[in-house]
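Novice: Data: protein-v6.txt, compact mmCIF, C-alpha atoms.
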```
# COMPACT_ATOMS: atom_id res chain seq x y z
CA MET D 1 130.82 -86.18 77.39
CA THR D 2 130.70 -89.79 76.15
CA THR D 3 128.13 -91.13 73.77
CA ARG D 4 126.92 -94.57 74.58
CA ILE D 5 124.41 -96.89 72.95
CA VAL D 6 122.32 -98.86 75.39
CA GLU D 7 120.49 -101.94 74.10
CA LEU D 8 117.07 -102.14 75.71
CA ARG D 9 115.13 -104.72 73.67
CA ARG D 10 112.05 -104.03 75.67
CA GLY D 11 108.39 -104.29 74.68
CA ILE D 12 106.70 -100.90 74.68
CA LEU D 13 103.47 -102.43 75.98
CA LYS D 14 105.33 -104.70 78.40
CA LYS D 15 103.29 -103.50 81.38
CA ASN D 16 100.02 -104.25 79.59
CA ASP D 17 101.30 -107.63 78.39
CA GLU D 18 102.40 -108.62 81.89
CA LEU D 19 99.07 -107.58 83.40
CA ALA D 20 97.20 -109.43 80.65
CA ALA D 21 99.24 -112.57 81.28
CA GLY D 22 98.31 -112.32 84.97
CA LEU D 23 94.63 -111.96 84.07
CA ARG D 24 94.82 -114.93 81.68
CA GLY D 25 96.21 -117.00 84.53
CA ARG D 26 93.38 -115.93 86.83
CA PHE D 27 90.72 -116.61 84.21
CA GLY D 28 92.22 -120.02 83.55
CA ALA D 29 92.36 -120.93 87.23
CA ALA D 30 88.73 -119.81 87.71
CA GLY D 31 87.64 -121.84 84.68
CA VAL D 32 85.91 -118.92 83.00
CA LEU D 33 85.99 -118.53 79.23
CA VAL D 34 86.79 -114.90 78.38
CA LEU D 35 86.00 -113.30 75.03
CA ASN D 36 86.99 -109.87 73.72
CA LEU D 37 84.53 -108.43 71.16
CA VAL D 38 86.00 -105.90 68.74
CA SER D 39 84.45 -103.97 65.85
CA SER D 40 83.76 -100.52 64.44
CA PRO D 41 81.20 -98.36 66.23
CA GLY D 42 77.71 -99.33 65.06
CA THR D 43 78.42 -102.91 63.99
CA GLY D 44 75.97 -104.20 66.56
CA LYS D 45 78.25 -105.59 69.27
CA THR D 46 75.76 -104.69 71.98
CA ALA D 47 72.72 -106.20 70.23
CA PHE D 48 74.74 -109.35 69.47
CA LEU D 49 75.86 -109.57 73.08
CA GLU D 50 72.34 -108.89 74.44
CA PHE D 51 71.09 -111.92 72.50
CA THR D 52 74.07 -114.03 73.56
CA LEU D 53 73.73 -113.20 77.27
CA ARG D 54 69.96 -113.78 77.25
CA GLU D 55 70.23 -117.14 75.48
CA LEU D 56 73.14 -118.41 77.56
CA ARG D 57 71.30 -117.52 80.76
CA ALA D 58 68.16 -119.25 79.52
CA ARG D 59 70.32 -122.37 79.07
CA GLY D 60 71.58 -122.15 82.62
CA ALA D 61 75.04 -120.72 81.93
CA ARG D 62 76.54 -118.21 84.35
CA VAL D 63 77.57 -115.15 82.37
CA ALA D 64 78.81 -111.62 82.99
CA ALA D 65 80.00 -108.74 80.84
CA LEU D 66 82.32 -105.76 80.96
CA VAL D 67 81.53 -103.08 78.40
CA GLY D 68 83.83 -100.30 77.28
CA ASP D 69 82.73 -96.93 75.89
CA LEU D 70 84.23 -93.47 75.89
CA GLU D 71 81.20 -92.09 77.72
CA THR D 72 77.72 -93.13 79.01
CA ASP D 73 76.50 -96.33 80.62
CA ASN D 74 73.81 -96.89 77.98
CA ASP D 75 75.29 -100.18 76.81
CA ALA D 76 75.66 -101.54 80.34
CA ARG D 77 71.99 -100.78 81.00
CA ARG D 78 70.95 -102.51 77.77
CA LEU D 79 73.03 -105.59 78.57
CA ALA D 80 71.91 -105.70 82.21
CA ALA D 81 68.31 -106.19 81.00
CA SER D 82 69.39 -109.78 80.24
CA GLY D 83 69.71 -110.29 83.99
CA ALA D 84 73.46 -110.87 83.77
CA PRO D 85 75.88 -108.86 85.94
CA VAL D 86 77.34 -106.08 83.81
CA ARG D 87 79.91 -103.40 84.47
CA GLN D 88 80.51 -100.33 82.36
CA ILE D 89 84.04 -99.08 81.77
CA ASN D 90 84.21 -95.44 80.67
CA THR D 91 87.55 -94.68 79.09
CA HIS D 92 86.91 -90.90 78.83
CA GLY D 93 88.54 -90.41 75.47
CA ILE D 94 90.85 -93.42 75.32
CA CYS D 95 90.15 -95.38 72.15
CA HIS D 96 90.61 -98.93 73.50
CA LEU D 97 90.41 -101.03 76.66
CA ASP D 98 93.65 -102.15 78.29
CA ALA D 99 94.50 -104.85 80.81
CA GLU D 100 94.70 -102.36 83.67
CA MET D 101 91.10 -101.23 83.10
CA ILE D 102 89.93 -104.85 83.14
CA ASP D 103 91.91 -105.57 86.29
CA LYS D 104 90.56 -102.45 88.00
CA HIS D 105 86.95 -103.15 87.10
CA LEU D 106 87.17 -106.78 88.14
CA ALA D 107 88.58 -105.81 91.51
CA GLY D 108 85.83 -105.34 94.04
CA TRP D 109 83.13 -106.65 91.71
CA ALA D 110 82.91 -109.77 93.82
CA ASP D 111 82.16 -107.65 96.88
CA LEU D 112 79.21 -105.78 95.41
CA PRO D 113 75.92 -106.63 97.08
CA GLY D 114 73.26 -108.97 95.67
CA GLU D 115 72.74 -109.41 91.97
CA ASN D 116 75.54 -106.97 91.14
CA GLY D 117 78.23 -109.10 92.69
CA VAL D 118 80.18 -111.59 90.64
CA ALA D 119 83.02 -113.95 91.45
CA LEU D 120 85.16 -115.19 88.58
CA ALA D 121 85.05 -118.76 89.83
CA GLY D 122 81.25 -118.64 89.70
CA LEU D 123 81.20 -117.79 86.00
CA ASP D 124 81.17 -119.86 82.84
CA TYR D 125 81.63 -116.94 80.42
CA LEU D 126 82.90 -113.38 80.73
CA PHE D 127 82.36 -111.15 77.70
CA ILE D 128 84.35 -107.97 77.22
CA GLU D 129 82.80 -105.55 74.73
CA ASN D 130 85.65 -103.32 73.58
CA VAL D 131 85.39 -99.68 72.57
CA GLY D 132 84.14 -99.40 68.96
CA ASN D 133 87.40 -99.08 67.02
CA LEU D 134 89.13 -101.32 64.50
CA VAL D 135 92.68 -100.08 65.03
CA CYS D 136 93.85 -99.59 68.59
CA PRO D 137 92.24 -102.56 70.42
CA SER D 138 94.38 -104.94 68.37
CA SER D 139 97.53 -103.90 70.27
CA TYR D 140 96.10 -104.43 73.74
CA ASP D 141 95.86 -107.94 75.13
CA LEU D 142 93.14 -108.15 77.78
CA GLY D 143 93.92 -111.70 78.86
CA GLU D 144 91.09 -113.08 76.73
CA LYS D 145 91.03 -116.60 75.32
CA ILE D 146 89.09 -115.66 72.21
CA ARG D 147 89.18 -112.40 70.29
CA VAL D 148 86.09 -111.94 68.16
CA ALA D 149 86.09 -109.48 65.25
CA LEU D 150 82.63 -108.35 64.19
CA LEU D 151 81.61 -106.86 60.86
CA SER D 152 78.13 -105.76 59.79
CA VAL D 153 76.64 -106.11 56.31
CA THR D 154 76.37 -102.30 56.07
CA GLU D 155 80.12 -101.74 56.40
CA GLY D 156 81.46 -102.96 53.10
CA GLU D 157 82.96 -106.33 52.28
CA ASP D 158 86.50 -104.94 52.13
CA LYS D 159 86.67 -104.00 55.83
CA PRO D 160 89.01 -106.94 56.62
CA LEU D 161 91.39 -105.75 53.86
CA LYS D 162 91.34 -102.20 55.25
CA TYR D 163 92.01 -103.35 58.82
CA PRO D 164 94.21 -106.44 58.41
CA THR D 165 95.93 -105.98 61.76
CA LEU D 166 92.72 -106.48 63.69
CA PHE D 167 91.19 -109.23 61.56
CA ASN D 168 94.48 -111.13 61.51
CA SER D 169 94.63 -111.10 65.30
CA ALA D 170 91.06 -112.47 65.69
CA ASP D 171 90.20 -116.05 66.65
CA ALA D 172 86.65 -115.90 65.32
CA ALA D 173 84.72 -113.56 63.03
CA VAL D 174 81.04 -112.63 63.20
CA ILE D 175 79.03 -111.00 60.42
CA THR D 176 76.10 -109.11 61.97
CA LYS D 177 72.77 -107.75 60.63
CA MET D 178 72.40 -110.57 58.09
CA ASP D 179 68.63 -109.82 58.08
CA ILE D 180 69.30 -106.68 56.02
CA ALA D 181 72.03 -108.19 53.83
CA GLU D 182 69.88 -108.16 50.71
CA PRO D 183 68.65 -104.52 50.75
CA CYS D 184 72.24 -103.50 51.52
CA GLY D 185 73.51 -105.31 48.45
CA PHE D 186 75.88 -107.28 50.68
CA ASP D 187 78.16 -109.58 48.67
CA ARG D 188 78.42 -112.52 51.05
CA GLU D 189 80.90 -114.55 49.00
CA LEU D 190 83.25 -111.57 48.72
CA ALA D 191 83.08 -110.82 52.45
CA LEU D 192 83.89 -114.44 53.34
CA LYS D 193 86.73 -114.47 50.82
CA ASN D 194 88.19 -111.23 52.24
CA ILE D 195 88.06 -112.46 55.83
CA ASN D 196 89.78 -115.68 54.77
CA GLU D 197 92.40 -113.76 52.82
CA ILE D 198 93.44 -111.97 56.04
CA ARG D 199 92.91 -114.80 58.52
CA PRO D 200 92.93 -118.10 56.65
CA GLY D 201 90.72 -120.79 58.17
CA ILE D 202 89.05 -118.59 60.82
CA ARG D 203 85.58 -119.65 62.08
CA ILE D 204 82.98 -117.26 60.64
CA PHE D 205 79.44 -116.86 61.96
CA GLU D 206 76.76 -115.17 59.85
CA THR D 207 74.23 -113.81 62.30
CA SER D 208 71.27 -111.59 62.99
CA ALA D 209 70.54 -110.61 66.57
CA LYS D 210 67.12 -109.45 65.33
CA THR D 211 65.91 -112.73 63.81
CA GLY D 212 68.25 -115.04 65.70
CA ALA D 213 69.67 -116.41 62.44
CA GLY D 214 73.08 -118.02 62.86
CA MET D 215 72.99 -117.59 66.63
CA GLU D 216 72.53 -121.29 67.31
CA GLU D 217 75.83 -122.03 65.57
CA TRP D 218 77.55 -119.27 67.55
CA LEU D 219 76.17 -120.55 70.86
CA GLY D 220 77.28 -124.05 69.90
CA TYR D 221 80.79 -122.73 69.29
CA LEU D 222 80.82 -121.06 72.72
CA ALA D 223 79.76 -124.31 74.36
CA GLU D 224 82.49 -126.26 72.51
CA GLU D 225 85.16 -123.75 73.53
CA ARG D 226 83.91 -123.85 77.10
CA ILE D 227 84.13 -127.66 77.22
CA GLU D 228 87.61 -127.52 75.71
CA ARG D 229 88.63 -124.97 78.33
CA GLN D 230 87.33 -127.14 81.17
CA ALA D 231 89.04 -130.19 79.77
CA LYS D 232 92.37 -128.37 80.01
CA ILE D 233 91.94 -127.47 83.69
CA MET L 1 94.94 -92.94 67.29
CA HIS L 2 96.62 -94.43 70.35
CA GLU L 3 100.08 -93.15 69.42
CA LEU L 4 100.03 -90.64 72.28
CA SER L 5 99.73 -93.43 74.85
CA ILE L 6 102.39 -95.43 72.99
CA ALA L 7 104.71 -92.38 73.08
CA ALA L 8 104.04 -91.98 76.82
CA SER L 9 104.88 -95.67 77.42
CA ILE L 10 108.18 -95.25 75.52
CA VAL L 11 109.10 -92.15 77.53
CA ASP L 12 108.36 -93.99 80.81
CA ALA L 13 110.40 -97.05 79.83
CA VAL L 14 113.37 -95.03 78.56
CA THR L 15 113.35 -92.72 81.58
CA GLU L 16 113.44 -95.80 83.80
CA SER L 17 116.39 -97.30 81.91
CA ALA L 18 118.27 -94.03 81.59
CA ALA L 19 118.11 -93.57 85.37
CA ALA L 20 121.13 -95.90 85.53
CA TYR L 21 123.15 -93.07 83.94
CA PRO L 22 122.53 -90.04 86.17
CA GLY L 23 122.47 -86.71 84.38
CA ALA L 24 122.65 -88.35 80.96
CA ARG L 25 120.70 -86.90 78.05
CA VAL L 26 118.94 -89.18 75.62
CA LYS L 27 119.89 -88.29 72.04
CA GLU L 28 118.12 -90.99 70.12
CA VAL L 29 115.51 -93.70 70.70
CA ARG L 30 115.33 -96.57 68.21
CA LEU L 31 112.20 -98.66 67.86
CA ARG L 32 111.40 -101.95 66.14
CA VAL L 33 107.82 -101.82 64.92
CA GLY L 34 106.19 -104.67 63.01
CA ALA L 35 104.05 -103.85 60.00
CA LEU L 36 101.10 -105.42 61.87
CA ALA L 37 101.59 -103.42 65.07
CA SER L 38 99.02 -100.76 64.08
CA VAL L 39 101.31 -97.88 64.89
CA ILE L 40 101.53 -95.00 62.44
CA GLU L 41 105.02 -93.50 62.39
CA ASP L 42 103.87 -89.99 61.42
CA SER L 43 101.45 -89.81 64.35
CA LEU L 44 104.12 -91.11 66.71
CA GLN L 45 106.64 -88.52 65.48
CA PHE L 46 103.95 -85.85 65.83
CA CYS L 47 103.43 -86.75 69.52
CA TRP L 48 107.14 -87.14 70.28
CA GLY L 49 108.00 -83.47 70.93
CA ILE L 50 105.09 -82.89 73.33
CA THR L 51 105.54 -86.18 75.17
CA THR L 52 109.27 -85.80 75.76
CA GLU L 53 109.10 -82.17 76.92
CA GLY L 54 110.57 -81.76 80.40
CA THR L 55 111.96 -85.32 80.47
CA PRO L 56 115.54 -86.60 79.92
CA LEU L 57 114.33 -87.38 76.37
CA GLU L 58 113.62 -83.76 75.46
CA GLY L 59 115.11 -82.92 72.06
CA SER L 60 115.81 -86.57 71.25
CA LYS L 61 115.32 -88.11 67.84
CA LEU L 62 112.92 -91.00 67.37
CA VAL L 63 113.98 -93.60 64.81
CA VAL L 64 111.30 -96.10 63.77
CA ASN L 65 112.43 -99.24 61.98
CA ILE L 66 109.46 -100.95 60.38
CA LEU L 67 109.77 -104.74 60.20
CA PRO L 68 108.01 -106.62 57.41
CA VAL L 69 105.67 -109.51 58.17
CA VAL L 70 107.59 -112.78 57.96
CA MET L 71 105.63 -116.03 57.62
CA HIS L 72 106.39 -119.71 57.66
CA CYS L 73 104.49 -121.73 55.10
CA GLU L 74 103.34 -125.15 56.23
CA ALA L 75 102.53 -126.19 52.68
CA CYS L 76 105.97 -125.65 51.13
CA GLY L 77 108.07 -125.34 54.29
CA GLN L 78 109.66 -122.05 53.31
CA ASP L 79 109.93 -118.76 55.19
CA GLY L 80 109.41 -115.40 53.53
CA GLU L 81 108.02 -111.91 53.67
CA LEU L 82 104.35 -111.32 52.96
CA ARG L 83 103.91 -109.50 49.66
CA SER L 84 100.91 -107.55 50.89
CA LEU L 85 98.94 -107.05 54.08
CA GLN L 86 95.79 -107.65 52.05
CA SER L 87 96.67 -111.25 51.36
CA PHE L 88 98.11 -113.66 53.92
CA ARG L 89 99.54 -116.08 51.40
CA CYS L 90 102.94 -117.66 50.93
CA PRO L 91 105.06 -115.58 48.52
CA HIS L 92 106.59 -118.84 47.18
CA CYS L 93 103.63 -121.16 46.62
CA GLY L 94 100.55 -118.97 47.15
CA GLU L 95 98.98 -121.11 49.88
CA PRO L 96 97.19 -119.33 52.78
CA VAL L 97 99.41 -118.88 55.85
CA THR L 98 98.67 -118.58 59.56
CA ASP L 99 102.15 -119.01 61.06
CA LEU L 100 103.64 -115.52 61.41
CA ARG L 101 107.21 -115.26 62.68
CA GLN L 102 107.58 -111.47 62.63
CA GLY L 103 105.40 -108.40 62.19
CA ARG L 104 103.71 -107.66 65.52
CA GLU L 105 106.79 -106.26 67.32
CA LEU L 106 106.44 -103.05 69.25
CA GLU L 107 109.76 -102.65 71.05
CA ILE L 108 112.41 -100.20 72.07
CA ASP L 109 115.55 -101.57 70.44
CA SER L 110 118.19 -99.23 71.89
CA ILE L 111 118.86 -95.70 73.04
CA GLU L 112 121.80 -93.41 72.42
CA ILE L 113 122.78 -91.27 75.39
CA ASP L 114 125.32 -88.59 76.20
CA GLU L 115 126.87 -89.48 79.51
CA VAL L 116 128.14 -86.80 81.84
CA GLU L 117 131.85 -87.29 82.66
CA GLU L 118 132.38 -87.84 86.34
CA ALA L 119 134.37 -85.09 88.03
CA VAL L 120 137.86 -86.30 88.96
```
Just dump the structure as C-alpha cells.

Specialist:
Amino acid sequence: MTTRIVELRRGILKKNDELAAGLRGRFGAAGVLVLNLVSSPGTGKTAFLEFTLRELRARGARVAALVGDLETDNDARRLAASGAPVRQINTHGICHLDAEMIDKHLAGWADLPGENGVALAGLDYLFIENVGNLVCPSSYDLGEKIRVALLSVTEGEDKPLKYPTLFNSADAAVITKMDIAEPCGFDRELALKNINEIRPGIRIFETSAKTGAGMEEWLGYLAEERIERQAKI
Amino acid sequence: MHELSIAASIVDAVTESAAAYPGARVKEVRLRVGALASVIEDSLQFCWGITTEGTPLEGSKLVVNILPVVMHCEACGQDGELRSLQSFRCPHCGEPVTDLRQGRELEIDSIEIDEVEEAV
C-alpha cells in the first residue's frame, strides 16, 4: 500500500460555474439584461417585481420572469397578472436556485404556445426571483448580470452585517416597504451606513411597491443598465 | 443550509479524480474555503459521514482550511487581510474597499489516497 497526495485544485461548484458562464454567454448574445433578486423570505421580492414588470411593460419593454420557491406556484400566478411570461421553479426543499435549474426551465420555454412562449432574443429584461434565503443563493452564480439584494424596513438595519457574504456579492441593493418605515422605527441612516460598510459604493434604492415611492429611480437604473448592455453588444 | 449539496459535489468530484487510481481508498480530502464562501464547517463535517457512505471516500477525513478575506486598497495601494466581515475597510488606512483578492474560494485542494500495490 502506498500513500499518495493528489493535488486537485478544483472548484467544488465548478459544474454550476461552467453552466452559469454558458448562460451568461447566451444572455449576452441575446441582448437580454438578467437580474437575480435575493432576500430573506417576506422582504417583498414578489410585490417589488410585480410593480417592476407592470411598469416596464407599460413602457413597452419586453420582460419575463423565473421565480423560485420550495413549493407552490403562488408567486408565478401573482407575477403573471402583469401580463409578462412567468415560469415557476419549485426546488422541493433545496434552499437556492442553481444554474442547472435556470437552464432547464429556459429550455423549451420558447416552444410553449401563445402568450406563454418566450424567446431570449425577444426579451429586454429577464428577472430571476431567487428562493427566500440570505445564505445559500450567494454561492450559486445563475449567469445574471446584476445581483440585487433586497432588505425590508421590518428586518432590522443590521441585516447586511449579519449576512455580509450575500450583501458583499450584490451589485445593487433595494430597501423595500419604505411606506411603513416610520411605524417600524426604521433607522434609515443606519441601514444605509451598514449596507455601505459591507459593499462600499453600491447603488441603493429606497422603495415602496405599495405607493410607488423610489420606483422611478429603480426603473431609471434598469434602463441605464439595459442601454449599457446594448452598447457592449 | 446547503452543505449537504456541497458535500455531494465534493464526493462526486473526488470520486471522478480517484478513478485514475483503481481500487484506491481516499484517506483525506483537503478543502480551501474562503471566509466569504458561506460554508459552515461544522455542518459540512456533520454531512460528511452520510454523504461518503458506500463511496471510495467512506471513512475519510475532511480537512477544511479557512482562508481569510484579502483585499487590495486603491487608496493606499496596500494589500491586507480584512479585520472583520462587518466592515469592508482597509486595515492600513481605513478607507472602504471593493477589490477583494481572496475569500470566496470553495475548492478541493488535494486528496490523500492509499494506492493498491499492483500484483507482480

Novice: List every residue of chain D that has an atom at most 6 Å from any atom of chain L, and for each one report the closest atom pair and its distance in Å to one decimal, counting all atoms listed in the file, with rows sorted by chain and then by increasing residue number, as CSV.

Specialist:
```
residue,atom,partner,partner_atom,distance
D:Met1,CA,L:Val116,CA,5.2
D:Thr2,CA,L:Glu115,CA,5.1
D:Thr3,CA,L:Asp114,CA,4.5
D:Arg4,CA,L:Ile113,CA,5.4
D:Ile5,CA,L:Glu112,CA,4.4
D:Val6,CA,L:Ile111,CA,5.2
D:Glu7,CA,L:Ser110,CA,4.2
D:Leu8,CA,L:Ser110,CA,4.9
D:Arg9,CA,L:Asp109,CA,4.5
D:Arg10,CA,L:Ile108,CA,5.3
D:Gly11,CA,L:Glu107,CA,4.2
D:Ile12,CA,L:Glu107,CA,5.1
D:Leu161,CA,L:Gln86,CA,5.1
D:Thr165,CA,L:Leu36,CA,5.2
D:Glu197,CA,L:Ser87,CA,5.2
D:Ile198,CA,L:Phe88,CA,5.4
D:Pro200,CA,L:Pro96,CA,5.9
```

Novice: What is the atom CA of Tyr140 of chain D to atom CA of Leu4 of chain L distance in Å?

Specialist: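 So the answer is 14.4 Å.
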
Novice: Any idea what the distance is between atom CA of Thr91 of chain D and atom CA of Arg54 of chain D?

Specialist: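 Those two atoms sit 26.0 Å apart.
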
Novice: Given the choices L:Gly23, L:Ser84, L:Leu100, L:Cys93, which gets closest to Leu57 of chain L if the distance is worked out from all atoms listed in the file?

Specialist: L:Gly23

Novice: Mind pulling up the distance from atom CA of Arg226 of chain D to atom CA of Ile146 of chain D?

Specialist: 10.9 Å

Novice: If you count only C-alpha atoms, which residues fall within 8 Å of Asp179 of chain D, apart from same-chain ones fewer than 4 positions away, as a PyMOL selection string?

Specialist: chain D and resi 208+210-211+213

Novice: Can I get the selection written as a compact mmCIF listing (two decimals), in the coordinates of the input, with C-alpha atoms?

Specialist:
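Saved file again.txt follows:
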```
# COMPACT_ATOMS: atom_id res chain seq x y z
CA SER D 208 71.27 -111.59 62.99
CA LYS D 210 67.12 -109.45 65.33
CA THR D 211 65.91 -112.73 63.81
CA ALA D 213 69.67 -116.41 62.44
```

Novice: Restricting the calculation to only C-alpha atoms: of D:Val135, D:Glu55, D:Asp187, D:Ala76, which residue gets closest to Ile40 of chain L?

Specialist: D:Val135

Novice: Give the answer as one residue: which of D:Gly143, D:Pro164, D:Pro137, D:Gly44 has the shortest atom-to-atom distance to Thr207 of chain D, using only C-alpha atoms?

Specialist: D:Gly44

Novice: Which residue, L:Cys90, L:Leu82, L:Leu44, L:Ile50, has the smallest gap to Pro68 of chain L when you use all atoms listed in the file?

Specialist: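 Selected residue with least distance to Pro68 of chain L: L:Leu82.
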
Novice: When distances are computed from all atoms listed in the file, which of D:Glu225, D:Asp141, D:Glu182, D:Glu217 shows the smallest separation from Ser169 of chain D?

Specialist: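 Under the stated criterion, the closest residue is D:Asp141.
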
Novice: Rebuild N, CA and C atoms on segment 188-199 of chain D, as a CSV table (one decimal), in the coordinates of the input?

Specialist:
```
chain,number,residue,atom,x,y,z
D,188,ARG,N,78.0,-111.6,50.0
D,188,ARG,CA,78.4,-112.5,51.0
D,188,ARG,C,79.7,-113.3,50.7
D,189,GLU,N,79.7,-113.8,49.4
D,189,GLU,CA,80.9,-114.6,49.0
D,189,GLU,C,82.2,-113.7,49.1
D,190,LEU,N,82.1,-112.5,48.7
D,190,LEU,CA,83.2,-111.6,48.7
D,190,LEU,C,83.7,-111.3,50.2
D,191,ALA,N,82.7,-111.1,51.0
D,191,ALA,CA,83.1,-110.8,52.4
D,191,ALA,C,83.8,-112.0,53.1
D,192,LEU,N,83.3,-113.2,52.8
D,192,LEU,CA,83.9,-114.4,53.3
D,192,LEU,C,85.3,-114.6,52.8
D,193,LYS,N,85.4,-114.3,51.5
D,193,LYS,CA,86.7,-114.5,50.8
D,193,LYS,C,87.7,-113.5,51.5
D,194,ASN,N,87.3,-112.2,51.7
D,194,ASN,CA,88.2,-111.2,52.2
D,194,ASN,C,88.6,-111.6,53.7
D,195,ILE,N,87.7,-112.1,54.5
D,195,ILE,CA,88.1,-112.5,55.8
D,195,ILE,C,89.1,-113.6,55.8
D,196,ASN,N,88.9,-114.5,54.9
D,196,ASN,CA,89.8,-115.7,54.8
D,196,ASN,C,91.1,-115.3,54.2
D,197,GLU,N,91.2,-114.2,53.4
D,197,GLU,CA,92.4,-113.8,52.8
D,197,GLU,C,93.3,-113.2,53.9
D,198,ILE,N,92.7,-112.6,55.0
D,198,ILE,CA,93.4,-112.0,56.0
D,198,ILE,C,93.7,-113.0,57.2
D,199,ARG,N,92.7,-113.8,57.4
D,199,ARG,CA,92.9,-114.8,58.5
D,199,ARG,C,92.4,-116.2,58.0
```
